[in-house]
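Q: Got a file for you: structure.txt, compact mmCIF, C-alpha atoms.
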```txt
# COMPACT_ATOMS: atom_id res chain seq x y z
CA MET A 1 24.25 -11.19 -37.23
CA PRO A 2 21.44 -9.63 -35.15
CA ARG A 3 18.21 -8.81 -36.89
CA ILE A 4 17.74 -5.09 -37.54
CA ARG A 5 14.12 -4.18 -36.86
CA GLY A 6 13.92 -0.72 -38.34
CA ASP A 7 14.94 0.82 -41.65
CA SER A 8 18.14 2.14 -40.15
CA ILE A 9 20.35 1.52 -37.16
CA GLU A 10 19.01 4.72 -35.60
CA GLU A 11 15.42 3.59 -35.94
CA HIS A 12 16.29 0.10 -34.74
CA LYS A 13 17.76 1.58 -31.59
CA LEU A 14 14.70 3.67 -30.90
CA THR A 15 12.41 0.68 -31.40
CA THR A 16 14.51 -1.46 -29.08
CA ARG A 17 14.61 1.27 -26.46
CA ALA A 18 10.84 1.69 -26.60
CA GLY A 19 10.39 -2.07 -26.35
CA LEU A 20 12.65 -2.19 -23.31
CA LEU A 21 10.74 0.60 -21.58
CA GLU A 22 7.44 -1.12 -22.25
CA ALA A 23 8.68 -4.49 -21.02
CA ALA A 24 10.32 -2.94 -17.94
CA ALA A 25 7.15 -1.03 -17.03
CA ALA A 26 5.09 -4.23 -17.37
CA PHE A 27 7.47 -6.19 -15.11
CA PHE A 28 7.88 -3.39 -12.53
CA TYR A 29 4.12 -2.88 -12.36
CA GLU A 30 3.07 -6.51 -12.25
CA ARG A 31 5.80 -8.11 -10.21
CA GLY A 32 7.43 -5.17 -8.48
CA TYR A 33 10.74 -3.45 -9.05
CA THR A 34 12.79 -5.50 -6.60
CA ASP A 35 11.67 -8.88 -7.93
CA THR A 36 12.33 -8.09 -11.57
CA SER A 37 15.65 -9.04 -13.13
CA LEU A 38 17.25 -7.32 -16.09
CA VAL A 39 17.68 -10.68 -17.82
CA GLU A 40 13.92 -11.19 -17.93
CA ILE A 41 13.38 -7.77 -19.43
CA ALA A 42 16.08 -8.40 -22.03
CA ASP A 43 14.55 -11.81 -22.83
CA THR A 44 11.12 -10.32 -23.37
CA VAL A 45 12.49 -7.91 -25.94
CA GLY A 46 14.67 -10.61 -27.49
CA ILE A 47 18.04 -9.09 -26.79
CA GLY A 48 20.94 -10.17 -24.65
CA ARG A 49 21.73 -8.69 -21.25
CA THR A 50 24.93 -7.13 -22.57
CA THR A 51 22.97 -5.34 -25.28
CA LEU A 52 20.51 -4.07 -22.66
CA TYR A 53 23.41 -2.45 -20.82
CA GLU A 54 24.16 -0.44 -23.96
CA TYR A 55 20.75 1.17 -23.54
CA PHE A 56 20.52 1.34 -19.75
CA PRO A 57 23.62 0.95 -17.59
CA SER A 58 21.66 -0.32 -14.56
CA LYS A 59 18.24 -1.30 -13.28
CA GLU A 60 18.00 2.10 -11.57
CA ALA A 61 18.66 3.82 -14.89
CA LEU A 62 15.89 1.76 -16.45
CA MET A 63 13.52 2.69 -13.63
CA VAL A 64 14.33 6.39 -14.02
CA ALA A 65 13.70 6.06 -17.77
CA VAL A 66 10.34 4.33 -17.18
CA ILE A 67 9.32 7.14 -14.84
CA GLU A 68 10.52 9.75 -17.31
CA ASP A 69 8.46 8.02 -20.00
CA GLN A 70 5.23 7.84 -17.96
CA ALA A 71 5.04 10.49 -15.25
CA PRO A 72 5.49 13.80 -17.09
CA ARG A 73 2.25 13.48 -19.04
CA HIS A 74 0.27 13.13 -15.79
CA VAL A 75 2.13 15.98 -14.14
CA ASP A 76 1.77 18.24 -17.17
CA HIS A 77 -1.94 17.42 -17.37
CA ILE A 78 -2.41 18.59 -13.77
CA LEU A 79 -0.32 21.75 -14.23
CA GLU A 80 -2.24 22.51 -17.43
CA LYS A 81 -5.57 22.20 -15.63
CA LEU A 82 -4.32 24.57 -12.93
CA SER A 83 -2.91 27.15 -15.34
CA SER A 84 -6.08 29.26 -15.36
CA GLN A 85 -6.51 29.12 -11.57
CA GLU A 86 -5.72 32.58 -10.20
CA ASP A 87 -6.70 31.96 -6.59
CA THR A 88 -3.67 30.78 -4.59
CA ILE A 89 -5.55 28.62 -2.11
CA ASP A 90 -7.67 27.00 -4.83
CA TRP A 91 -4.54 26.38 -6.88
CA LEU A 92 -2.90 24.57 -3.97
CA GLY A 93 -6.09 22.67 -3.14
CA GLY A 94 -6.52 21.67 -6.78
CA LEU A 95 -2.94 20.48 -6.98
CA PHE A 96 -3.37 18.45 -3.79
CA ALA A 97 -6.62 16.79 -4.87
CA MET A 98 -5.61 16.09 -8.46
CA SER A 99 -2.21 14.71 -7.48
CA LEU A 100 -3.73 12.24 -5.03
CA ASP A 101 -6.37 11.15 -7.53
CA MET A 102 -3.66 10.70 -10.13
CA ILE A 103 -1.63 8.44 -7.83
CA ALA A 104 -4.75 6.46 -6.89
CA ALA A 105 -5.37 5.89 -10.62
CA HIS A 106 -1.71 4.96 -11.31
CA VAL A 107 -0.63 3.19 -8.15
CA GLU A 108 2.15 1.16 -9.77
CA LEU A 109 3.82 4.28 -11.08
CA GLY A 110 3.34 5.85 -7.65
CA ARG A 111 5.12 2.94 -6.01
CA LEU A 112 8.06 3.30 -8.36
CA VAL A 113 8.38 7.01 -7.61
CA PHE A 114 7.65 6.99 -3.89
CA HIS A 115 8.96 3.62 -2.78
CA ASP A 116 11.48 2.00 -5.09
CA ALA A 117 13.23 5.17 -6.21
CA PRO A 118 14.07 6.48 -2.70
CA GLN A 119 15.28 3.01 -1.71
CA SER A 120 17.62 2.80 -4.66
CA GLY A 121 19.12 6.18 -3.81
CA SER A 122 18.19 7.87 -7.09
CA HIS A 123 15.78 10.29 -5.45
CA ILE A 124 16.87 13.51 -7.15
CA GLU A 125 17.05 11.92 -10.59
CA VAL A 126 13.52 10.63 -10.14
CA LEU A 127 12.18 14.04 -9.12
CA VAL A 128 13.59 15.43 -12.34
CA ALA A 129 12.45 12.45 -14.43
CA ALA A 130 8.89 12.73 -13.10
CA ARG A 131 8.93 16.53 -13.53
CA LEU A 132 8.21 16.92 -9.83
CA ASP A 133 10.99 19.50 -9.70
CA GLU A 134 8.80 21.61 -11.98
CA VAL A 135 5.88 21.16 -9.59
CA ASP A 136 8.12 22.29 -6.71
CA ARG A 137 9.13 25.38 -8.69
CA ARG A 138 5.48 26.27 -9.33
CA ILE A 139 4.59 25.75 -5.66
CA ILE A 140 7.36 28.16 -4.61
CA GLU A 141 6.10 30.74 -7.15
CA VAL A 142 2.51 30.37 -5.96
CA CYS A 143 3.59 30.72 -2.32
CA LYS A 144 5.46 33.93 -3.11
CA ARG A 145 2.44 35.28 -4.98
CA GLY A 146 0.09 34.24 -2.17
CA ILE A 147 2.17 35.99 0.47
CA ALA A 148 2.39 39.17 -1.65
CA ALA A 149 -1.40 39.12 -2.08
CA GLY A 150 -1.92 38.63 1.67
CA VAL A 151 -3.70 35.31 1.11
CA LEU A 152 -0.95 33.18 2.63
CA ALA A 153 0.66 33.68 6.02
CA ASP A 154 3.36 36.31 5.97
CA GLY A 155 6.64 34.50 6.39
CA ASP A 156 9.41 32.73 4.57
CA PRO A 157 7.91 31.57 1.21
CA HIS A 158 10.33 28.67 1.16
CA ARG A 159 9.10 27.48 4.54
CA LEU A 160 5.51 27.58 3.29
CA ALA A 161 6.51 25.86 0.05
CA ARG A 162 8.37 23.14 1.94
CA THR A 163 5.27 22.54 4.04
CA VAL A 164 3.14 22.21 0.93
CA ILE A 165 5.64 20.04 -0.93
CA SER A 166 6.29 17.65 1.95
CA THR A 167 2.59 17.30 2.74
CA LEU A 168 1.80 16.62 -0.89
CA ARG A 169 4.63 14.09 -1.25
CA SER A 170 3.79 12.25 1.97
CA ALA A 171 0.13 12.10 0.99
CA MET A 172 1.03 10.76 -2.47
CA ALA A 173 3.33 8.14 -0.91
CA ALA A 174 0.59 7.15 1.56
CA VAL A 175 -1.87 6.70 -1.30
CA ALA A 176 0.63 4.64 -3.30
CA HIS A 177 1.21 2.35 -0.31
CA ALA A 178 -2.39 2.03 0.83
CA PRO A 179 -4.34 -1.22 0.46
CA ILE A 180 -7.19 0.71 -1.18
CA PRO A 181 -5.58 3.78 -2.77
CA THR A 182 -8.80 5.61 -3.69
CA VAL A 183 -10.00 5.40 -0.08
CA GLU A 184 -6.69 6.70 1.25
CA ALA A 185 -6.77 9.54 -1.29
CA GLY A 186 -10.21 10.45 0.09
CA HIS A 187 -8.92 10.48 3.69
CA ARG A 188 -5.89 12.58 2.83
CA LYS A 189 -8.02 15.10 0.97
CA ALA A 190 -10.55 15.28 3.81
CA VAL A 191 -8.01 15.58 6.64
CA TRP A 192 -4.69 16.85 5.33
CA TRP A 193 -5.93 19.48 2.93
CA PRO A 194 -7.90 21.44 5.59
CA LEU A 195 -4.92 21.21 7.96
CA LEU A 196 -2.47 22.30 5.28
CA ARG A 197 -4.74 25.15 4.19
CA ALA A 198 -5.16 26.38 7.76
CA SER A 199 -1.43 26.06 8.31
CA VAL A 200 -0.35 28.23 5.37
CA ALA A 201 -3.37 30.56 5.00
CA ALA A 202 -3.17 34.14 6.28
CA GLU A 203 -6.42 33.86 8.24
CA PRO A 204 -7.15 30.74 10.25
CA ALA A 205 -9.66 28.89 8.10
CA GLY A 206 -12.60 28.12 10.33
CA MET B 1 43.45 -14.78 24.43
CA PRO B 2 40.86 -12.02 24.66
CA ARG B 3 39.81 -10.89 28.07
CA ILE B 4 36.33 -12.05 29.02
CA ARG B 5 34.65 -9.19 30.81
CA ALA B 6 31.81 -11.03 32.41
CA GLY B 7 30.89 -14.28 34.11
CA SER B 8 29.74 -16.02 30.96
CA ILE B 9 30.29 -15.77 27.21
CA ALA B 10 26.68 -14.66 26.69
CA GLU B 11 27.04 -11.90 29.23
CA HIS B 12 30.38 -10.91 27.73
CA LYS B 13 28.69 -10.54 24.34
CA VAL B 14 25.97 -8.34 25.76
CA GLN B 15 28.58 -6.13 27.40
CA THR B 16 30.75 -5.92 24.30
CA ARG B 17 27.75 -4.96 22.20
CA ALA B 18 26.81 -2.28 24.73
CA ALA B 19 30.38 -0.98 24.69
CA ILE B 20 30.29 -0.70 20.89
CA LEU B 21 27.00 1.22 20.98
CA GLU B 22 28.32 3.44 23.76
CA ALA B 23 31.48 4.23 21.78
CA ALA B 24 29.50 4.77 18.58
CA SER B 25 27.02 7.20 20.09
CA ARG B 26 29.91 9.15 21.62
CA LEU B 27 31.73 9.36 18.28
CA PHE B 28 28.57 10.00 16.23
CA TYR B 29 28.08 13.02 18.49
CA ASP B 30 31.67 14.17 18.02
CA PRO B 31 33.28 14.09 15.39
CA GLY B 32 29.93 13.11 13.81
CA TYR B 33 28.55 10.14 11.90
CA ALA B 34 30.28 10.83 8.59
CA ASP B 35 33.70 11.28 10.18
CA THR B 36 33.52 8.18 12.34
CA THR B 37 35.20 5.03 11.05
CA LEU B 38 34.51 1.50 12.22
CA SER B 39 38.14 1.30 13.39
CA ALA B 40 37.64 4.34 15.59
CA ILE B 41 34.54 2.76 17.12
CA ALA B 42 36.42 -0.49 17.75
CA ASP B 43 39.36 1.41 19.32
CA ASP B 44 37.06 3.43 21.53
CA ALA B 45 35.24 0.29 22.64
CA GLY B 46 38.55 -1.43 23.38
CA ILE B 47 38.10 -4.26 20.90
CA GLY B 48 39.61 -5.22 17.56
CA ARG B 49 38.06 -4.29 14.27
CA SER B 50 37.43 -7.93 13.36
CA THR B 51 35.65 -8.48 16.66
CA LEU B 52 33.41 -5.54 15.86
CA TYR B 53 32.40 -7.24 12.62
CA GLN B 54 31.09 -10.18 14.63
CA TYR B 55 28.53 -7.82 16.11
CA PHE B 56 27.77 -5.37 13.31
CA ALA B 57 28.14 -5.67 9.56
CA ASP B 58 28.47 -1.93 8.93
CA LYS B 59 28.16 1.56 10.35
CA GLU B 60 24.52 1.89 9.28
CA GLN B 61 23.57 -1.09 11.39
CA ILE B 62 25.30 0.45 14.41
CA LEU B 63 23.47 3.71 13.78
CA VAL B 64 20.10 1.98 13.62
CA ASP B 65 20.81 0.25 16.94
CA VAL B 66 22.04 3.46 18.56
CA VAL B 67 18.88 5.26 17.49
CA ALA B 68 16.61 2.35 18.42
CA GLU B 69 18.12 2.14 21.90
CA ARG B 70 18.70 5.82 22.70
CA VAL B 71 15.81 7.72 21.18
CA PRO B 72 12.98 6.23 23.30
CA ALA B 73 14.64 7.54 26.48
CA HIS B 74 14.90 11.03 24.95
CA VAL B 75 11.25 10.89 23.96
CA ASP B 76 10.16 9.83 27.44
CA ALA B 77 12.19 12.58 29.10
CA LEU B 78 10.83 15.14 26.65
CA LEU B 79 7.21 14.17 27.27
CA GLU B 80 7.69 14.04 31.02
CA GLU B 81 9.00 17.59 31.26
CA LEU B 82 5.97 19.09 29.46
CA PRO B 83 3.54 20.61 31.96
CA ALA B 84 0.22 18.78 31.75
CA ASP B 85 -1.89 21.88 32.46
CA LEU B 86 -0.90 23.80 29.31
CA ALA B 87 -3.54 24.72 26.75
CA PRO B 88 -3.39 22.07 23.96
CA VAL B 89 -1.93 24.33 21.26
CA GLU B 90 0.68 25.64 23.70
CA TRP B 91 1.51 22.09 24.67
CA PHE B 92 2.32 21.40 21.01
CA GLU B 93 4.35 24.59 20.68
CA LEU B 94 6.44 23.64 23.67
CA LEU B 95 6.78 20.09 22.35
CA PHE B 96 8.18 21.49 19.09
CA GLU B 97 10.56 23.81 20.85
CA ARG B 98 11.89 21.16 23.23
CA ALA B 99 12.13 18.46 20.55
CA LEU B 100 14.08 20.80 18.29
CA ARG B 101 16.37 21.81 21.10
CA ARG B 102 17.14 18.21 21.99
CA ALA B 103 17.73 17.44 18.34
CA THR B 104 20.33 20.23 18.08
CA GLU B 105 22.37 18.35 20.64
CA HIS B 106 22.49 15.32 18.36
CA LEU B 107 22.56 16.95 14.95
CA SER B 108 24.93 14.45 13.39
CA ILE B 109 22.62 11.52 14.11
CA VAL B 110 19.46 13.43 13.23
CA LYS B 111 21.04 14.45 9.95
CA VAL B 112 21.85 10.87 8.96
CA VAL B 113 18.45 9.57 9.97
CA LEU B 114 16.58 12.27 8.05
CA ARG B 115 18.79 12.11 5.00
CA ASP B 116 19.56 8.41 4.66
CA ALA B 117 16.70 6.61 6.39
CA GLU B 118 14.78 6.09 3.14
CA ARG B 119 17.69 4.17 1.70
CA LEU B 120 18.01 1.72 4.58
CA PRO B 121 16.55 -1.77 4.23
CA PRO B 122 12.85 -1.93 5.23
CA GLU B 123 13.48 -3.72 8.51
CA SER B 124 15.97 -1.01 9.60
CA GLN B 125 13.48 1.68 8.60
CA GLU B 126 10.85 -0.02 10.72
CA ARG B 127 13.14 0.01 13.73
CA LEU B 128 13.80 3.73 13.27
CA VAL B 129 10.07 4.35 13.03
CA GLU B 130 9.50 2.26 16.16
CA ALA B 131 12.12 4.28 18.05
CA THR B 132 9.88 7.36 17.83
CA GLY B 133 6.67 5.39 18.31
CA ARG B 134 5.99 6.78 21.78
CA PHE B 135 6.36 10.30 20.40
CA ARG B 136 3.74 9.77 17.71
CA GLU B 137 1.48 8.04 20.22
CA ALA B 138 1.68 11.02 22.57
CA ILE B 139 0.80 13.42 19.73
CA HIS B 140 -2.12 11.21 18.74
CA GLU B 141 -3.40 10.93 22.32
CA LYS B 142 -3.20 14.67 22.91
CA ILE B 143 -5.13 15.38 19.73
CA ALA B 144 -7.76 12.73 20.45
CA ALA B 145 -8.21 14.07 23.99
CA THR B 146 -8.41 17.77 23.10
CA ALA B 147 -9.97 17.92 19.60
CA LYS B 148 -13.01 20.16 19.24
CA PRO B 149 -16.16 18.14 18.57
CA GLY B 150 -16.93 18.05 14.86
CA SER B 151 -13.40 19.07 13.84
CA VAL B 152 -11.21 17.26 11.36
CA ALA B 153 -8.90 16.37 14.25
CA ALA B 154 -11.75 14.74 16.16
CA ALA B 155 -12.79 12.75 13.09
CA ASP B 156 -9.25 11.53 12.35
CA PRO B 157 -6.76 12.14 15.16
CA GLY B 158 -4.35 9.62 13.60
CA ARG B 159 -3.85 11.45 10.32
CA THR B 160 -3.97 14.80 12.10
CA GLY B 161 -1.12 13.58 14.28
CA GLU B 162 0.81 12.50 11.20
CA PHE B 163 0.44 16.01 9.83
CA VAL B 164 1.85 17.49 13.04
CA ALA B 165 4.75 15.03 12.94
CA LEU B 166 5.41 16.07 9.35
CA LEU B 167 5.57 19.74 10.36
CA LEU B 168 8.09 18.85 13.04
CA ARG B 169 10.15 16.86 10.56
CA ASN B 170 10.23 19.88 8.26
CA ALA B 171 11.33 22.07 11.13
CA LEU B 172 14.14 19.61 11.87
CA VAL B 173 15.25 19.68 8.24
CA GLU B 174 15.27 23.46 8.32
CA MET B 175 17.32 23.39 11.47
CA LEU B 176 19.87 21.10 9.88
CA VAL B 177 20.13 23.42 6.89
CA ALA B 178 20.42 26.49 9.13
CA GLY B 179 23.17 24.81 11.13
CA ASP B 180 25.22 26.83 13.56
CA ASP B 181 25.74 29.95 11.45
CA PRO B 182 24.74 33.15 13.25
CA GLY B 183 21.59 34.70 11.77
CA ALA B 184 20.80 38.38 11.29
CA ASP B 185 19.72 38.74 14.93
CA GLY B 186 23.01 37.29 16.18
CA ARG B 187 21.50 33.99 17.30
CA VAL B 188 22.66 30.82 15.58
CA GLY B 189 20.45 29.96 12.60
CA SER B 190 18.93 26.91 14.22
CA ALA B 191 17.81 28.88 17.30
CA ALA B 192 15.30 30.87 15.22
CA VAL B 193 13.68 27.80 13.72
CA PRO B 194 11.00 27.16 16.38
CA ASP B 195 9.79 30.76 15.98
CA GLY B 196 9.45 30.26 12.24
CA TRP B 197 7.33 27.15 12.65
CA ARG B 198 5.07 28.37 15.43
CA PRO B 199 2.60 30.15 13.09
CA LEU B 200 2.27 27.08 10.86
CA LEU B 201 1.63 24.81 13.83
CA ARG B 202 -0.77 27.30 15.38
CA GLY B 203 -2.52 27.75 12.01
CA ALA B 204 -3.02 24.02 11.59
CA LEU B 205 -4.14 23.23 15.13
CA GLY B 206 -5.65 26.52 16.31
CA SER B 207 -9.14 25.78 15.02
CA GLN B 208 -8.89 22.04 15.74
CA LEU B 209 -8.18 21.85 19.46
CA GLU B 210 -9.98 23.11 22.56
CA GLU B 211 -8.80 26.48 23.90
CA THR B 212 -7.92 25.10 27.31
```
Would you write out, as structure tokens, the structure that this file holds?

A:
Amino acid sequence: MPRIRGDSIEEHKLTTRAGLLEAAAAFFYERGYTDTSLVEIADTVGIGRTTLYEYFPSKEALMVAVIEDQAPRHVDHILEKLSSQEDTIDWLGGLFAMSLDMIAAHVELGRLVFHDAPQSGSHIEVLVAARLDEVDRRIIEVCKRGIAAGVLADGDPHRLARTVISTLRSAMAAVAHAPIPTVEAGHRKAVWWPLLRASVAAEPAG
Amino acid sequence: MPRIRAGSIAEHKVQTRAAILEAASRLFYDPGYADTTLSAIADDAGIGRSTLYQYFADKEQILVDVVAERVPAHVDALLEELPADLAPVEWFELLFERALRRATEHLSIVKVVLRDAERLPPESQERLVEATGRFREAIHEKIAATAKPGSVAAADPGRTGEFVALLLRNALVEMLVAGDDPGADGRVGSAAVPDGWRPLLRGALGSQLEET
């Protein structure tokens, strides 16, 4: 009969789940998503592969859960810091800079989100798991507000938002893939932010 | 016994492969990538389905080869027809307009590449990226040659070029979403897309490039 780790079955399940997430994150980060097998993760936690499937039906599901466990705190931290920023352009610039610094500081997580997830085809799930869908929603709001205030170029707010979102995502992916992520984050901030700002701002920024 | 089309087996293989790609690009254009089966490609190429499998494992692989072999010619033609004496920003505006127009003629393929490319194996992705290599090079060269001294573009024409390519990609996505539905002004949705992107392109490059 398997050993029950917690006081109750419920608690045991939570403990096992947490252990699996921790072990999976360690493997994904150190060895890479592709080269990690579910058996190794199960072994580390001391359960069988079949039991692991009761918690996570696939490696993708485990990856999404790892992202859901780790990314939201970083995203929420950034959104929290921006919450008092009234100026549209500064809000966007702050989001851009902080997001790139965050990826540079958590490259392994960045690789999961921007490399392994798209390859596995669970792109939408990952956006939701990482709370990036919430970031997108805020960007659209800010673009609408910026256009109404005459700070951003008068046009389709969704077109402006898509420009911001895609630039931000591509820059984050570039940082996650770069040999020296902090250096790449510096380049993207120095080059892409002025271009993005000039692209969406009402007046050409000189 | 199957008919050998050429003087040697090797030559026959080259021709069969070309026939498959020819058939595939025709069918990907109409009825479109999603509605094209491997059997239809084999039929159109005049070979059996099992023969086709000797050349390509799946439809994705055919698509990658079609793109890798067809796109460079489109890019060359596109670049060639741009007047060299245009002001730099106008050169980019025209590049956008022409690239988008060409893409509308091959929406089915563009759609698959934009939507599914990330999911392809890395080596296939690389080949797709290579197929548009000349395009990115031309953008880079134009920026390097016309950037205002002291500008961001002069300091880093490579990443500036990437930004421009990203804008174009977004415009393509918007065009795919707009599709062929008539807009408020009576033109099909995709026809209005270049106008929508012009201010963003002009905003980004206006202060970066020389006036003439």

Q: Please determine the contact residues of chain B with respect to chain A at a cut-off of 8 Å, counting only C-alpha atoms, and supply them as a list in words.

A: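 Every residue meeting the condition is included here: Glu118, Arg119, Leu120, Pro121, Val152, Ala153, Asp156, Arg159, Thr160, Phe163, Leu166, Leu167, Asn170, Gly196, Pro199, Leu200, Leu201, Arg202, Gly203, Ala204, Leu205, Gly206 and Ser207 of chain B.
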
Q: Figure out the distance between atom CA of A:Leu168 and atom CA of A:Phe96, please, to one decimal in Å.

A: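 Between atom CA of A:Phe96 and atom CA of A:Leu168 the gap is 6.2 Å.
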
Q: Within 7 Å of stretch 60-77 of chain B, counting only C-alpha atoms, which residues show up once you throw out same-chain ones fewer than 6 positions away? Write them as number ranges by chain, please.

A: B: 21, 25, 124, 127-128, 131-132, 135

Q: For A:Val151, which residue out of A:Met102, A:Ala25, A:Ala42, A:Ile89 is the nearest one, using all atoms listed in the file?

A: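 With all atoms listed in the file as the atom set, the closest residue is A:Ile89.
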
Q: Considering all atoms listed in the file, state which residue in the set B:Ile41, B:Ala165, B:Leu172, B:Ile9 is at the smallest distance from B:Val129.

A: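 Comparing B:Ile41, B:Ala165, B:Leu172, B:Ile9 against B:Val129, the winner is B:Ala165.
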
Q: Enter the distance from atom CA of A:Lys81 to atom CA of A:Arg131, in Å, rounded to one decimal.

A: 15.7 Å
